[in-house]
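Asks: This is run_6.pdb (PDB, N, CA and C atoms, pLDDT in the B column).
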ATOM      1  N   MET A   1     111.631  70.758 118.860  1.00 69.00           N
ATOM      2  CA  MET A   1     111.133  71.911 118.129  1.00 69.00           C
ATOM      3  C   MET A   1     109.968  72.509 118.915  1.00 69.00           C
ATOM      4  N   THR A   2     109.965  73.815 119.015  1.00 79.00           N
ATOM      5  CA  THR A   2     108.912  74.522 119.729  1.00 79.00           C
ATOM      6  C   THR A   2     107.753  74.815 118.785  1.00 79.00           C
ATOM      7  N   PRO A   3     106.535  74.425 119.158  1.00 82.00           N
ATOM      8  CA  PRO A   3     105.376  74.727 118.298  1.00 82.00           C
ATOM      9  C   PRO A   3     105.136  76.233 118.213  1.00 82.00           C
ATOM     10  N   LEU A   4     104.772  76.682 117.031  1.00 84.00           N
ATOM     11  CA  LEU A   4     104.382  78.069 116.800  1.00 84.00           C
ATOM     12  C   LEU A   4     102.952  78.074 116.291  1.00 84.00           C
ATOM     13  N   HIS A   5     102.185  79.051 116.686  1.00 83.00           N
ATOM     14  CA  HIS A   5     100.809  79.191 116.213  1.00 83.00           C
ATOM     15  C   HIS A   5     100.738  80.474 115.390  1.00 83.00           C
ATOM     16  N   LEU A   6     100.531  80.336 114.088  1.00 86.00           N
ATOM     17  CA  LEU A   6     100.472  81.468 113.178  1.00 86.00           C
ATOM     18  C   LEU A   6      99.090  81.541 112.546  1.00 86.00           C
ATOM     19  N   THR A   7      98.657  82.739 112.240  1.00 87.00           N
ATOM     20  CA  THR A   7      97.358  82.935 111.602  1.00 87.00           C
ATOM     21  C   THR A   7      97.570  83.546 110.226  1.00 87.00           C
ATOM     22  N   ALA A   8      97.011  82.897 109.208  1.00 86.00           N
ATOM     23  CA  ALA A   8      97.131  83.399 107.837  1.00 86.00           C
ATOM     24  C   ALA A   8      96.357  84.704 107.701  1.00 86.00           C
ATOM     25  N   ASP A   9      96.950  85.635 106.959  1.00 87.00           N
ATOM     26  CA  ASP A   9      96.289  86.918 106.765  1.00 87.00           C
ATOM     27  C   ASP A   9      96.115  87.282 105.296  1.00 87.00           C
ATOM     28  N   ARG A  10      96.468  86.346 104.402  1.00 88.00           N
ATOM     29  CA  ARG A  10      96.310  86.578 102.964  1.00 88.00           C
ATOM     30  C   ARG A  10      95.711  85.331 102.321  1.00 88.00           C
ATOM     31  N   ALA A  11      94.511  85.450 101.844  1.00 89.00           N
ATOM     32  CA  ALA A  11      93.847  84.308 101.204  1.00 89.00           C
ATOM     33  C   ALA A  11      94.607  83.892  99.952  1.00 89.00           C
ATOM     34  N   GLY A  12      94.751  82.610  99.753  1.00 91.00           N
ATOM     35  CA  GLY A  12      95.351  82.078  98.544  1.00 91.00           C
ATOM     36  C   GLY A  12      96.871  82.061  98.528  1.00 91.00           C
ATOM     37  N   GLU A  13      97.515  82.525  99.588  1.00 93.00           N
ATOM     38  CA  GLU A  13      98.982  82.533  99.630  1.00 93.00           C
ATOM     39  C   GLU A  13      99.498  81.116  99.866  1.00 93.00           C
ATOM     40  N   ARG A  14     100.562  80.757  99.165  1.00 94.00           N
ATOM     41  CA  ARG A  14     101.163  79.437  99.351  1.00 94.00           C
ATOM     42  C   ARG A  14     101.745  79.324 100.755  1.00 94.00           C
ATOM     43  N   ALA A  15     101.680  78.131 101.316  1.00 94.00           N
ATOM     44  CA  ALA A  15     102.146  77.910 102.686  1.00 94.00           C
ATOM     45  C   ALA A  15     103.637  78.215 102.829  1.00 94.00           C
ATOM     46  N   ASP A  16     104.449  77.851 101.842  1.00 94.00           N
ATOM     47  CA  ASP A  16     105.886  78.118 101.953  1.00 94.00           C
ATOM     48  C   ASP A  16     106.166  79.620 101.923  1.00 94.00           C
ATOM     49  N   GLN A  17     105.430  80.354 101.121  1.00 94.00           N
ATOM     50  CA  GLN A  17     105.592  81.806 101.070  1.00 94.00           C
ATOM     51  C   GLN A  17     105.143  82.435 102.394  1.00 94.00           C
ATOM     52  N   PHE A  18     104.035  81.964 102.911  1.00 94.00           N
ATOM     53  CA  PHE A  18     103.522  82.468 104.188  1.00 94.00           C
ATOM     54  C   PHE A  18     104.542  82.251 105.300  1.00 94.00           C
ATOM     55  N   LEU A  19     105.081  81.040 105.396  1.00 94.00           N
ATOM     56  CA  LEU A  19     106.045  80.737 106.454  1.00 94.00           C
ATOM     57  C   LEU A  19     107.285  81.609 106.335  1.00 94.00           C
ATOM     58  N   ALA A  20     107.808  81.751 105.122  1.00 94.00           N
ATOM     59  CA  ALA A  20     109.000  82.568 104.919  1.00 94.00           C
ATOM     60  C   ALA A  20     108.729  84.039 105.244  1.00 94.00           C
ATOM     61  N   ARG A  21     107.525  84.498 104.975  1.00 93.00           N
ATOM     62  CA  ARG A  21     107.171  85.892 105.266  1.00 93.00           C
ATOM     63  C   ARG A  21     106.997  86.107 106.770  1.00 93.00           C
ATOM     64  N   MET A  22     106.376  85.170 107.449  1.00 93.00           N
ATOM     65  CA  MET A  22     106.105  85.305 108.872  1.00 93.00           C
ATOM     66  C   MET A  22     107.331  85.030 109.739  1.00 93.00           C
ATOM     67  N   LEU A  23     108.251  84.218 109.228  1.00 93.00           N
ATOM     68  CA  LEU A  23     109.460  83.855 109.971  1.00 93.00           C
ATOM     69  C   LEU A  23     110.676  84.268 109.138  1.00 93.00           C
ATOM     70  N   PRO A  24     111.111  85.507 109.261  1.00 92.00           N
ATOM     71  CA  PRO A  24     112.174  86.045 108.398  1.00 92.00           C
ATOM     72  C   PRO A  24     113.474  85.237 108.415  1.00 92.00           C
ATOM     73  N   GLU A  25     113.745  84.520 109.495  1.00 94.00           N
ATOM     74  CA  GLU A  25     114.965  83.712 109.563  1.00 94.00           C
ATOM     75  C   GLU A  25     114.841  82.414 108.761  1.00 94.00           C
ATOM     76  N   LEU A  26     113.661  82.124 108.256  1.00 94.00           N
ATOM     77  CA  LEU A  26     113.391  80.898 107.507  1.00 94.00           C
ATOM     78  C   LEU A  26     113.335  81.203 106.011  1.00 94.00           C
ATOM     79  N   THR A  27     114.183  80.550 105.228  1.00 93.00           N
ATOM     80  CA  THR A  27     114.126  80.745 103.780  1.00 93.00           C
ATOM     81  C   THR A  27     112.928  79.993 103.220  1.00 93.00           C
ATOM     82  N   ARG A  28     112.544  80.347 102.016  1.00 92.00           N
ATOM     83  CA  ARG A  28     111.405  79.666 101.399  1.00 92.00           C
ATOM     84  C   ARG A  28     111.735  78.196 101.138  1.00 92.00           C
ATOM     85  N   SER A  29     112.967  77.900 100.766  1.00 94.00           N
ATOM     86  CA  SER A  29     113.342  76.499 100.539  1.00 94.00           C
ATOM     87  C   SER A  29     113.328  75.718 101.854  1.00 94.00           C
ATOM     88  N   ALA A  30     113.708  76.353 102.953  1.00 94.00           N
ATOM     89  CA  ALA A  30     113.633  75.689 104.260  1.00 94.00           C
ATOM     90  C   ALA A  30     112.173  75.452 104.642  1.00 94.00           C
ATOM     91  N   ALA A  31     111.311  76.412 104.323  1.00 94.00           N
ATOM     92  CA  ALA A  31     109.880  76.247 104.591  1.00 94.00           C
ATOM     93  C   ALA A  31     109.327  75.085 103.770  1.00 94.00           C
ATOM     94  N   GLN A  32     109.745  74.978 102.513  1.00 95.00           N
ATOM     95  CA  GLN A  32     109.298  73.877 101.661  1.00 95.00           C
ATOM     96  C   GLN A  32     109.730  72.535 102.243  1.00 95.00           C
ATOM     97  N   LYS A  33     110.944  72.475 102.781  1.00 95.00           N
ATOM     98  CA  LYS A  33     111.436  71.232 103.369  1.00 95.00           C
ATOM     99  C   LYS A  33     110.600  70.847 104.587  1.00 95.00           C
ATOM    100  N   LEU A  34     110.271  71.827 105.428  1.00 94.00           N
ATOM    101  CA  LEU A  34     109.422  71.546 106.592  1.00 94.00           C
ATOM    102  C   LEU A  34     108.060  71.014 106.153  1.00 94.00           C
ATOM    103  N   LEU A  35     107.503  71.602 105.094  1.00 95.00           N
ATOM    104  CA  LEU A  35     106.216  71.141 104.573  1.00 95.00           C
ATOM    105  C   LEU A  35     106.322  69.713 104.050  1.00 95.00           C
ATOM    106  N   GLU A  36     107.389  69.417 103.316  1.00 96.00           N
ATOM    107  CA  GLU A  36     107.587  68.067 102.764  1.00 96.00           C
ATOM    108  C   GLU A  36     107.743  67.029 103.868  1.00 96.00           C
ATOM    109  N   GLU A  37     108.350  67.436 104.981  1.00 95.00           N
ATOM    110  CA  GLU A  37     108.574  66.518 106.105  1.00 95.00           C
ATOM    111  C   GLU A  37     107.329  66.347 106.976  1.00 95.00           C
ATOM    112  N   GLY A  38     106.290  67.127 106.706  1.00 94.00           N
ATOM    113  CA  GLY A  38     105.072  67.048 107.508  1.00 94.00           C
ATOM    114  C   GLY A  38     105.186  67.769 108.839  1.00 94.00           C
ATOM    115  N   ALA A  39     106.168  68.661 108.952  1.00 94.00           N
ATOM    116  CA  ALA A  39     106.406  69.376 110.207  1.00 94.00           C
ATOM    117  C   ALA A  39     105.463  70.550 110.414  1.00 94.00           C
ATOM    118  N   VAL A  40     104.694  70.898 109.385  1.00 94.00           N
ATOM    119  CA  VAL A  40     103.736  72.002 109.485  1.00 94.00           C
ATOM    120  C   VAL A  40     102.338  71.396 109.422  1.00 94.00           C
ATOM    121  N   THR A  41     101.528  71.697 110.443  1.00 93.00           N
ATOM    122  CA  THR A  41     100.186  71.118 110.488  1.00 93.00           C
ATOM    123  C   THR A  41      99.127  72.194 110.679  1.00 93.00           C
ATOM    124  N   LYS A  42      97.932  71.847 110.267  1.00 90.00           N
ATOM    125  CA  LYS A  42      96.741  72.667 110.508  1.00 90.00           C
ATOM    126  C   LYS A  42      95.654  71.706 110.972  1.00 90.00           C
ATOM    127  N   ASP A  43      95.119  71.981 112.121  1.00 90.00           N
ATOM    128  CA  ASP A  43      94.093  71.095 112.720  1.00 90.00           C
ATOM    129  C   ASP A  43      94.602  69.665 112.817  1.00 90.00           C
ATOM    130  N   GLY A  44      95.899  69.508 113.104  1.00 90.00           N
ATOM    131  CA  GLY A  44      96.489  68.195 113.293  1.00 90.00           C
ATOM    132  C   GLY A  44      96.865  67.448 112.034  1.00 90.00           C
ATOM    133  N   LEU A  45      96.625  68.045 110.867  1.00 93.00           N
ATOM    134  CA  LEU A  45      96.951  67.395 109.597  1.00 93.00           C
ATOM    135  C   LEU A  45      98.080  68.142 108.897  1.00 93.00           C
ATOM    136  N   PRO A  46      98.982  67.417 108.218  1.00 94.00           N
ATOM    137  CA  PRO A  46     100.081  68.082 107.519  1.00 94.00           C
ATOM    138  C   PRO A  46      99.561  69.050 106.445  1.00 94.00           C
ATOM    139  N   VAL A  47     100.254  70.183 106.336  1.00 93.00           N
ATOM    140  CA  VAL A  47      99.895  71.203 105.344  1.00 93.00           C
ATOM    141  C   VAL A  47     100.724  70.969 104.097  1.00 93.00           C
ATOM    142  N   LYS A  48     100.092  71.112 102.939  1.00 85.00           N
ATOM    143  CA  LYS A  48     100.799  71.037 101.659  1.00 85.00           C
ATOM    144  C   LYS A  48     101.065  72.435 101.177  1.00 85.00           C
ATOM    145  N   LYS A  49     102.108  72.598 100.368  1.00 72.00           N
ATOM    146  CA  LYS A  49     102.414  73.959  99.895  1.00 72.00           C
ATOM    147  C   LYS A  49     101.386  74.473  98.947  1.00 72.00           C
TER
END
Starting from the coordinates I provided, produce the structure as C-alpha coordinates.
Replies:
Amino acid sequence: MTPLHLTADRAGERADQFLARMLPELTRSAAQKLLEEGAVTKDGLPVKK
(Lines of atoms letter the chains of each structure in order from A and count residues from 1; the text may use other names and numbers.)
(Lines give C-alpha, C1' and ligand atoms only; values in the text may rest on other atoms or scores of the structure.)
Protein backbone atom coordinates (compact mmCIF):
# COMPACT_ATOMS: atom_id res chain seq x y z
CA MET A 1 0.00 0.00 0.00
CA THR A 2 1.29 3.44 -0.92
CA PRO A 3 1.24 5.99 1.92
CA LEU A 4 -0.85 9.10 1.33
CA HIS A 5 -0.46 12.35 3.24
CA LEU A 6 -3.75 14.22 3.62
CA THR A 7 -4.51 17.41 5.52
CA ALA A 8 -7.85 17.88 7.26
CA ASP A 9 -9.69 21.02 6.25
CA ARG A 10 -12.88 20.73 8.33
CA ALA A 11 -12.75 20.73 12.11
CA GLY A 12 -14.83 18.06 13.79
CA GLU A 13 -15.35 15.92 10.67
CA ARG A 14 -15.31 12.17 11.24
CA ALA A 15 -12.24 10.40 9.86
CA ASP A 16 -14.29 8.00 7.72
CA GLN A 17 -16.22 10.89 6.17
CA PHE A 18 -12.99 12.81 5.55
CA LEU A 19 -11.34 9.84 3.84
CA ALA A 20 -14.36 9.15 1.64
CA ARG A 21 -14.54 12.83 0.67
CA MET A 22 -10.83 13.16 -0.10
CA LEU A 23 -10.58 9.81 -1.92
CA PRO A 24 -13.67 9.55 -4.16
CA GLU A 25 -12.86 5.95 -5.14
CA LEU A 26 -13.12 4.95 -1.46
CA THR A 27 -16.56 4.31 0.01
CA ARG A 28 -17.28 5.36 3.56
CA SER A 29 -17.64 1.72 4.62
CA ALA A 30 -14.23 0.96 3.07
CA ALA A 31 -12.79 3.93 4.96
CA GLN A 32 -14.31 2.57 8.19
CA LYS A 33 -12.69 -0.81 7.54
CA LEU A 34 -9.28 0.82 7.03
CA LEU A 35 -9.74 2.69 10.32
CA GLU A 36 -10.75 -0.50 12.15
CA GLU A 37 -7.67 -2.29 10.78
CA GLY A 38 -5.38 0.50 12.00
CA ALA A 39 -4.31 1.31 8.44
CA VAL A 40 -4.88 5.05 8.95
CA THR A 41 -2.43 6.83 11.24
CA LYS A 42 -1.71 10.31 12.51
CA ASP A 43 1.70 10.99 14.02
CA GLY A 44 2.33 7.24 13.92
CA LEU A 45 -0.77 6.31 15.93
CA PRO A 46 -3.93 4.66 14.57
CA VAL A 47 -6.82 7.05 13.93
CA LYS A 48 -10.29 6.29 15.28
CA LYS A 49 -13.40 7.31 13.40
Asks: One number please: atom CA of Lys49 of chain A to atom CA of Ala15 of chain A, in Å, one decimal.
Replies: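 About the pair atom CA of Lys49 of chain A and atom CA of Ala15 of chain A: they are 4.8 Å apart.
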Asks: Skipping near chain neighbours, those fewer than 2 positions away, what residues fall within 10 Å of segment 18-26 of chain A using only C-alpha atoms, listed as a list of chain:residue names?
Replies: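 Contacts, in chain order: A:Leu6, A:Thr7, A:Ala8, A:Asp9, A:Arg10, A:Gly12, A:Glu13, A:Arg14, A:Ala15, A:Asp16, A:Arg28, A:Ser29, A:Ala30, A:Ala31, A:Gln32, A:Leu34, A:Leu35, A:Val40, A:Lys49.
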Asks: In Å, rounded to a single decimal, give me how far atom CA of Lys48 of chain A is from atom CA of His5 of chain A.
Replies: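 Atom CA of Lys48 of chain A lies at a distance of 16.7 Å from atom CA of His5 of chain A.
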Asks: Please give the complete set of residues from segment 1-48 of chain A that DSSP, run on the backbone, assigns to alpha helix (DSSP H), formatted as number ranges by chain.
Replies: A: 15-22, 28-36
Asks: Can you tell me how far atom N of Leu45 of chain A sits from atom N of Lys33 of chain A, in Å to one decimal?
Replies: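 Interatomic distance, atom N of Leu45 of chain A to atom N of Lys33 of chain A: 17.0 Å.
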Asks: Calculate, to one decimal in Å, the centre and edge lengths of the box along x, y and z of the file that holds all listed atoms of segment 6-23 of chain A with 4 Å of margin on each side, and present them as JSON.
Replies:
{"center_x": 102.3, "center_y": 82.6, "center_z": 106.3, "size_x": 24.8, "size_y": 17.4, "size_z": 23.6}
